[in-house]
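A.B. asks: Below are the structure tokens for one structure; questions will follow.
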Amino acid sequence: MRKRIVLFFSSVLALQGYAQPRTVLTARDYEQAQRFMGANTEQFIDRSGVRPNWLPDERFWYRILTATGSEFVLVDPTKGTRTAPFDHQKLAVALSEAMSRTYDAAKLPFQSFTYTPDRQSVLFQAGGKSWLYNPQRNQLMTDTTSSAVSGSAGRRSMREGDFNEVPSPDRKWGAYIKDYNLWVRNLQTGDRLQLTTDGVKDFGYATDNAGWRSSDRAVLAWSPDSKKIATFKQDQREVSDMYLVTTNVGKPTLKQWKYPLPGDKVIPTIQRVIINLEGPKVITLQIPADPHRATLSDDISSSGTFDDVNWTQDGATLAFVSTSRDHKQEKVRLADAATGAVREVFEETVATQFESGWGAINWRYLAGTNEFIWFSERDDWGHLYLYDALTGRVKNQITKGNWLVTRLLRVDEKKRMLYFMAVGRQEANPYFGQLCQVGFDGKQFAVLTPEPGNHQVTFSPSGNYMVDTYSAPDVPPVSVVRTLAGKLITTLEKADISRLTATGWRPPTPIRVKAHDGKTDLYGLMYTPSQLDPTKKYPVVDYIYPGPQGGSVGNWSFSTARKDNQALAELGFIVVEIEGTSNPLRSKSFHDMSYGNMAENTLPDQIGGIRQLASQYTYLDTNRVGIWGHSGGGFATATAMFRYPDFFKVGISESGNHDNRNYEDDWGERYNGLASAVDYEAQANQNYAKNLKGKLMLAHGMMDNNVPPSNTLLVVEALQKANKDFDLVLFPNSAHGFGSYSNYMARRRWDYFVKHLQGAEPPREFLIVTTPDPRNLIR
């Protein structure tokens, strides 16, 4: 009997211990986290970054935010001067008198201006009027001649304007789509001319409506002489449809559009044409229709224009590249603009998928010398090659080494020099970019922006000068102006983060771990609470975006906030981002590690990396690891919870493409391979839902035209069939990113990790509030 009593009380105590009230987080704790959201931190950084507005004479102006407001700066690189374009105080006084209200010199009621043709006055808008100010005379007057005047008449004109027109180089014509055909409007007279007549629904000209991309703007490339247009007639008549329905009172509205899937027999194709405005005359290029593909991306208009086409200066020849459906074959071609005859120059075939760069298409046709600059990863690194356009043979490799070219920015044919961004040349971090130069022959290589960090450059109109801003995740930006040769002219700005650090903010910690192969270095960032107690154990949250077209960190420049990582850390977590294998901007073999098995999702790298960090930073608790991600990160999160359920205890999967047979064809077929050659079924998350052990939240917008919500609903159904508990958040009328409900999703995310990973109780229905930067408010 005594033994039974002891056992009874032991059980009661155990139950009482389990049922004891957990730690409670208060609204004040959430307010502390809220302070570290991006919109709330950016207003505490001063003199950060320079966005130059170049003038024809090589000068430029920019607006910079200060602790008290903002100021305008005028720079003349030829003289090395940095001055004010006008006296801010005098203008403030003049405006105050003219508008019968008080203005502060550091809070002028406009953010941009233009110069008059004589450069004597500046033109800006304030208080619903357009103003002219002459700094030399300190004279302010209203401008009644400017087309920028707002008011009811101005708004009416804007509504009637043609926002989707693509202007010609000489600014005389605007090309646009009407009733599936291509038209042009004379921008001087307003007269309109129909260029094509046989366009019909789903078989129209210059359309950009394949997959999730949708735009009414014409996809085309004007010839430099403004007499011809290169475009296409897109055939998607037999392409399968996608459907979404709205949520509203009464009958829902059906949204239906062309959205091919991997394995579909028919995908959109483009029949390339050249349209001569004289006549007009439509010349069809003498080749079969191409797949709706490009060398840089899934689409043919990633840059906002017609990708992979180069006109010669005289408009006589069009150079272009045709990409195969699986992105494995690239054909370089030259077309006669008068006849449509096409000559095959050369082609490149790869085993996995071809890319022409990152952020820019890195090939050029040089008509003057009958050469091509070509980008290839054939030696396992992304480099430039010089081709003979007559023979189609390689003349020489231009760049070489264990690093890669990301963006070819400028080609000087006269001096035979190239200017490009490259990564992989800094030992501290291979993702840091720098501007480099090299001759066509591979000689005269030089790094033009040598300072450590990630560089971003903007060239002057002539290309003789540039603004260079460089920084690192834990180093604030510095902006300088240089000559094209890299010579430093003057320092423009050094960011001041003293007001930011006074709030308790501190930058993330750069981290380096080994990949799952035990050899390859991986890089990332770690976020810790501002009041970190290294003697305690903190649960870990892994933010993941496996790509393979991007990565978890994304931009490696300085930022006051990356998503809500630091905000989440403030609630008592260690948040990590690890750039795993199969992400870009490393070697070709690195990028291809999971080709054909996208379900790997860099997860072995994530697990190994977190364990390595825990051995270095003992306050990481690897028994409490959560994971979350959006889109591709949502796919990876569910995979982590289903395939590694003993390591990942809590997951939040947002807008995931859980079965890539239900996601658009061009993405999966590019990064994973054709459905006929790859087992997409084996990678689908719903097939592993039965393995769930931890806590999983799924979220999706029901009007998501990028990743259709059926992707998440497949996982929902599988979990229900497996009798698994899970949580589901649906946004009935939201698209891929949740829009105005983003803060709601962030709060639900915080609550979920606090409750299930930390074992605490969150405050009920906390409202996340972000405040706009007061320095950018126009009063």
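If you're wondering about the labels, chains in the structure tokens are A, B, ... by order shown, residues count from 1 in each chain, ligands from 1 in order shown.
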Find the spatial neighbours of A:Glu654, counting only C-alpha atoms, within a cut-off of 9 Å - ignore same-chain residues fewer than 3 positions away - and output them as a PyMOL selection string.

C.D. replies: chain A and resi 628-635+637+697-701+712

A.B. asks: Residues within 9 Å of stretch 575-578 of chain A, please, as an mmCIF file with C-alpha atoms, in the first residue's frame. Count only C-alpha atoms; anything in the same chain fewer than 4 positions from it doesn't count.

C.D. replies:
```cif
data_model
loop_
_atom_site.group_PDB
_atom_site.id
_atom_site.type_symbol
_atom_site.label_atom_id
_atom_site.label_comp_id
_atom_site.auth_asym_id
_atom_site.auth_seq_id
_atom_site.Cartn_x
_atom_site.Cartn_y
_atom_site.Cartn_z
ATOM 1 C CA ILE A 511 29.258 32.778 -39.682
ATOM 2 C CA ARG A 512 31.185 30.132 -41.593
ATOM 3 C CA VAL A 513 30.559 26.380 -41.386
ATOM 4 C CA LEU A 522 29.353 27.773 -46.252
ATOM 5 C CA TYR A 523 28.562 31.317 -45.168
ATOM 6 C CA GLY A 524 25.673 32.900 -43.346
ATOM 7 C CA LEU A 525 24.441 35.220 -40.624
ATOM 8 C CA MET A 526 23.385 34.649 -37.020
ATOM 9 C CA TYR A 527 21.044 36.904 -35.021
ATOM 10 C CA THR A 528 21.050 36.920 -31.220
ATOM 11 C CA PRO A 539 16.075 27.666 -29.096
ATOM 12 C CA VAL A 540 17.234 28.018 -32.699
ATOM 13 C CA VAL A 541 15.181 29.188 -35.672
ATOM 14 C CA ASP A 542 16.552 28.451 -39.139
ATOM 15 C CA TYR A 543 15.316 30.857 -41.808
ATOM 16 C CA ILE A 544 15.669 29.047 -45.121
ATOM 17 C CA TYR A 545 15.408 29.920 -48.770
ATOM 18 C CA GLY A 551 19.662 32.044 -51.055
ATOM 19 C CA SER A 552 18.678 32.673 -47.469
ATOM 20 C CA VAL A 553 20.813 35.786 -46.993
ATOM 21 C CA ASN A 565 15.083 37.876 -38.091
ATOM 22 C CA GLN A 566 16.317 40.258 -35.407
ATOM 23 C CA LEU A 568 12.315 37.189 -33.663
ATOM 24 C CA ALA A 569 15.698 36.950 -31.934
ATOM 25 C CA ASP A 605 23.878 21.636 -44.844
ATOM 26 C CA GLN A 606 21.445 23.354 -42.496
ATOM 27 C CA GLY A 609 25.805 23.905 -39.915
ATOM 28 C CA ILE A 610 23.586 24.385 -36.854
#
```

A.B. asks: Once you count only C-alpha atoms, what closest atom pair and distance in Å to one decimal does each residue of stretch 356-415 of chain A within 10 Å of stretch 334-343 of chain A have, with rows by chain and rising residue number, as a Markdown table?

C.D. replies:
```
| residue | atom | partner | partner_atom | distance |
| --- | --- | --- | --- | --- |
| A:Tyr365 | CA | A:Leu334 | CA | 9.3 |
| A:Ala389 | CA | A:Leu334 | CA | 9.1 |
| A:Leu390 | CA | A:Arg343 | CA | 9.9 |
```

A.B. asks: Which neighbours of stretch 400-408 of chain A fall inside 12 Å, counting only C-alpha atoms, when residues of the same chain fewer than 6 positions from it are skipped, and could you give them as a ChimeraX atom specification?

C.D. replies: /A:296,355-364,373-385,417-427,429-438,441-443,445,456-457,584-589

A.B. asks: Would you kindly return, as a list in words, each protein, DNA or RNA residue with an atom no farther than 12 Å from any atom of A:Arg747, considering only C-alpha atoms and excluding same-chain residues fewer than 4 positions away?

C.D. replies: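 Non-adjacent residues within range: Ala27, Tyr30, Glu31, Ala33, Gln34, Met37, Asp564, Ala567, Leu568, Leu571, Tyr741, Ser742, Asn743, Asp751, Tyr752, Phe753, Val754, Pro762, Pro763, Arg764, Glu765, Phe766, Leu767, Ile768 and Val769 of chain A.
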
A.B. asks: Please give the complete set of residues from stretch 376-503 of chain A that DSSP, run on the backbone, assigns to strand (DSSP E or B), formatted as a PyMOL selection string.

C.D. replies: chain A and resi 376+383-388+394-397+404-412+417-423+433-439+446-447+454-459+465-472+475-483+488-494+496

A.B. asks: Could you give me, as a PDB file with all heavy atoms, in the first residue's frame, the residues within 7 Å of A:Val73, counting only C-alpha atoms and dropping anything in the same chain fewer than 4 positions from it?

C.D. replies:
```pdb
ATOM      1  N   TRP A  61      23.162  64.778 -58.674  1.00  0.00           N
ATOM      2  CA  TRP A  61      22.685  65.187 -57.360  1.00  0.00           C
ATOM      3  C   TRP A  61      22.076  63.985 -56.660  1.00  0.00           C
ATOM      4  O   TRP A  61      21.688  63.008 -57.290  1.00  0.00           O
ATOM      5  CB  TRP A  61      21.686  66.337 -57.457  1.00  0.00           C
ATOM      6  CG  TRP A  61      20.383  65.996 -58.137  1.00  0.00           C
ATOM      7  CD1 TRP A  61      20.075  66.153 -59.459  1.00  0.00           C
ATOM      8  CD2 TRP A  61      19.219  65.423 -57.513  1.00  0.00           C
ATOM      9  NE1 TRP A  61      18.800  65.712 -59.712  1.00  0.00           N
ATOM     10  CE2 TRP A  61      18.248  65.266 -58.537  1.00  0.00           C
ATOM     11  CE3 TRP A  61      18.897  65.034 -56.213  1.00  0.00           C
ATOM     12  CZ2 TRP A  61      16.973  64.733 -58.287  1.00  0.00           C
ATOM     13  CZ3 TRP A  61      17.644  64.504 -55.963  1.00  0.00           C
ATOM     14  CH2 TRP A  61      16.701  64.359 -56.987  1.00  0.00           C
ATOM     15  N   TYR A  62      22.008  64.074 -55.354  1.00  0.00           N
ATOM     16  CA  TYR A  62      21.344  63.034 -54.587  1.00  0.00           C
ATOM     17  C   TYR A  62      20.762  63.645 -53.323  1.00  0.00           C
ATOM     18  O   TYR A  62      21.150  64.727 -52.891  1.00  0.00           O
ATOM     19  CB  TYR A  62      22.293  61.880 -54.247  1.00  0.00           C
ATOM     20  CG  TYR A  62      23.477  62.232 -53.379  1.00  0.00           C
ATOM     21  CD1 TYR A  62      23.410  62.142 -51.985  1.00  0.00           C
ATOM     22  CD2 TYR A  62      24.693  62.626 -53.952  1.00  0.00           C
ATOM     23  CE1 TYR A  62      24.507  62.445 -51.188  1.00  0.00           C
ATOM     24  CE2 TYR A  62      25.795  62.929 -53.167  1.00  0.00           C
ATOM     25  CZ  TYR A  62      25.696  62.837 -51.783  1.00  0.00           C
ATOM     26  OH  TYR A  62      26.777  63.140 -50.993  1.00  0.00           O
ATOM     27  N   ARG A  63      19.799  62.942 -52.752  1.00  0.00           N
ATOM     28  CA  ARG A  63      19.191  63.344 -51.490  1.00  0.00           C
ATOM     29  C   ARG A  63      19.644  62.364 -50.425  1.00  0.00           C
ATOM     30  O   ARG A  63      19.597  61.151 -50.631  1.00  0.00           O
ATOM     31  CB  ARG A  63      17.663  63.340 -51.611  1.00  0.00           C
ATOM     32  CG  ARG A  63      16.909  63.647 -50.311  1.00  0.00           C
ATOM     33  CD  ARG A  63      15.406  63.706 -50.591  1.00  0.00           C
ATOM     34  NE  ARG A  63      14.624  63.956 -49.380  1.00  0.00           N
ATOM     35  CZ  ARG A  63      14.021  63.011 -48.661  1.00  0.00           C
ATOM     36  NH1 ARG A  63      14.107  61.733 -49.043  1.00  0.00           N
ATOM     37  NH2 ARG A  63      13.324  63.319 -47.589  1.00  0.00           N
ATOM     38  N   ARG A  82      31.856  68.783 -54.084  1.00  0.00           N
ATOM     39  CA  ARG A  82      30.616  68.306 -53.460  1.00  0.00           C
ATOM     40  C   ARG A  82      29.981  69.503 -52.774  1.00  0.00           C
ATOM     41  O   ARG A  82      30.480  69.978 -51.753  1.00  0.00           O
ATOM     42  CB  ARG A  82      30.933  67.193 -52.458  1.00  0.00           C
ATOM     43  CG  ARG A  82      29.742  66.641 -51.705  1.00  0.00           C
ATOM     44  CD  ARG A  82      30.215  65.660 -50.641  1.00  0.00           C
ATOM     45  NE  ARG A  82      29.103  65.132 -49.863  1.00  0.00           N
ATOM     46  CZ  ARG A  82      28.491  65.792 -48.885  1.00  0.00           C
ATOM     47  NH1 ARG A  82      28.888  67.030 -48.565  1.00  0.00           N
ATOM     48  NH2 ARG A  82      27.490  65.236 -48.229  1.00  0.00           N
ATOM     49  N   THR A  83      28.901  70.030 -53.358  1.00  0.00           N
ATOM     50  CA  THR A  83      28.282  71.243 -52.848  1.00  0.00           C
ATOM     51  C   THR A  83      26.770  71.042 -52.737  1.00  0.00           C
ATOM     52  O   THR A  83      26.246  69.973 -53.029  1.00  0.00           O
ATOM     53  CB  THR A  83      28.568  72.440 -53.785  1.00  0.00           C
ATOM     54  OG1 THR A  83      28.043  72.130 -55.088  1.00  0.00           O
ATOM     55  CG2 THR A  83      30.058  72.702 -53.891  1.00  0.00           C
ATOM     56  N   ALA A  84      26.078  72.097 -52.336  1.00  0.00           N
ATOM     57  CA  ALA A  84      24.615  72.074 -52.301  1.00  0.00           C
ATOM     58  C   ALA A  84      24.093  72.672 -53.602  1.00  0.00           C
ATOM     59  O   ALA A  84      24.641  73.671 -54.097  1.00  0.00           O
ATOM     60  CB  ALA A  84      24.094  72.863 -51.112  1.00  0.00           C
ATOM     61  N   PRO A  85      23.047  72.092 -54.200  1.00  0.00           N
ATOM     62  CA  PRO A  85      22.513  72.649 -55.444  1.00  0.00           C
ATOM     63  C   PRO A  85      21.809  73.983 -55.238  1.00  0.00           C
ATOM     64  O   PRO A  85      21.603  74.745 -56.183  1.00  0.00           O
ATOM     65  CB  PRO A  85      21.527  71.583 -55.919  1.00  0.00           C
ATOM     66  CG  PRO A  85      21.122  70.860 -54.680  1.00  0.00           C
ATOM     67  CD  PRO A  85      22.318  70.884 -53.788  1.00  0.00           C
TER      68      PRO A  85
END
```

A.B. asks: When you draw a straight line from atom CA of A:Thr145 to atom CA of A:Gly128, how long is it in Å?

C.D. replies: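 Rounded to one decimal, the two atoms are 14.5 Å apart.
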
A.B. asks: May I have the residues within 8 Å of A:Lys690 as a list in words, using only C-alpha atoms and disregarding those fewer than 6 positions away in the same chain?

C.D. replies: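 So, after excluding close chain neighbours, the residues are Phe642, Ala718, Leu719, Ala722 and Lys724 of chain A.
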
A.B. asks: Determine, using only C-alpha atoms, which residues of stretch 489-547 of chain A have any atom at most 12 Å from an atom of stretch 458-468 of chain A, and tabulate each with its shortest atom pair and distance in Å to one decimal place, rows ordered by chain and then rising number, as JSON lines.

C.D. replies:
```
{"residue": "A:Ile489", "atom": "CA", "partner": "A:Tyr465", "partner_atom": "CA", "distance": 9.4}
{"residue": "A:Thr490", "atom": "CA", "partner": "A:Val467", "partner_atom": "CA", "distance": 10.0}
{"residue": "A:Thr491", "atom": "CA", "partner": "A:Asp468", "partner_atom": "CA", "distance": 9.6}
{"residue": "A:Leu492", "atom": "CA", "partner": "A:Val467", "partner_atom": "CA", "distance": 8.9}
{"residue": "A:Glu493", "atom": "CA", "partner": "A:Asp468", "partner_atom": "CA", "distance": 10.6}
{"residue": "A:Lys494", "atom": "CA", "partner": "A:Asp468", "partner_atom": "CA", "distance": 11.9}
```
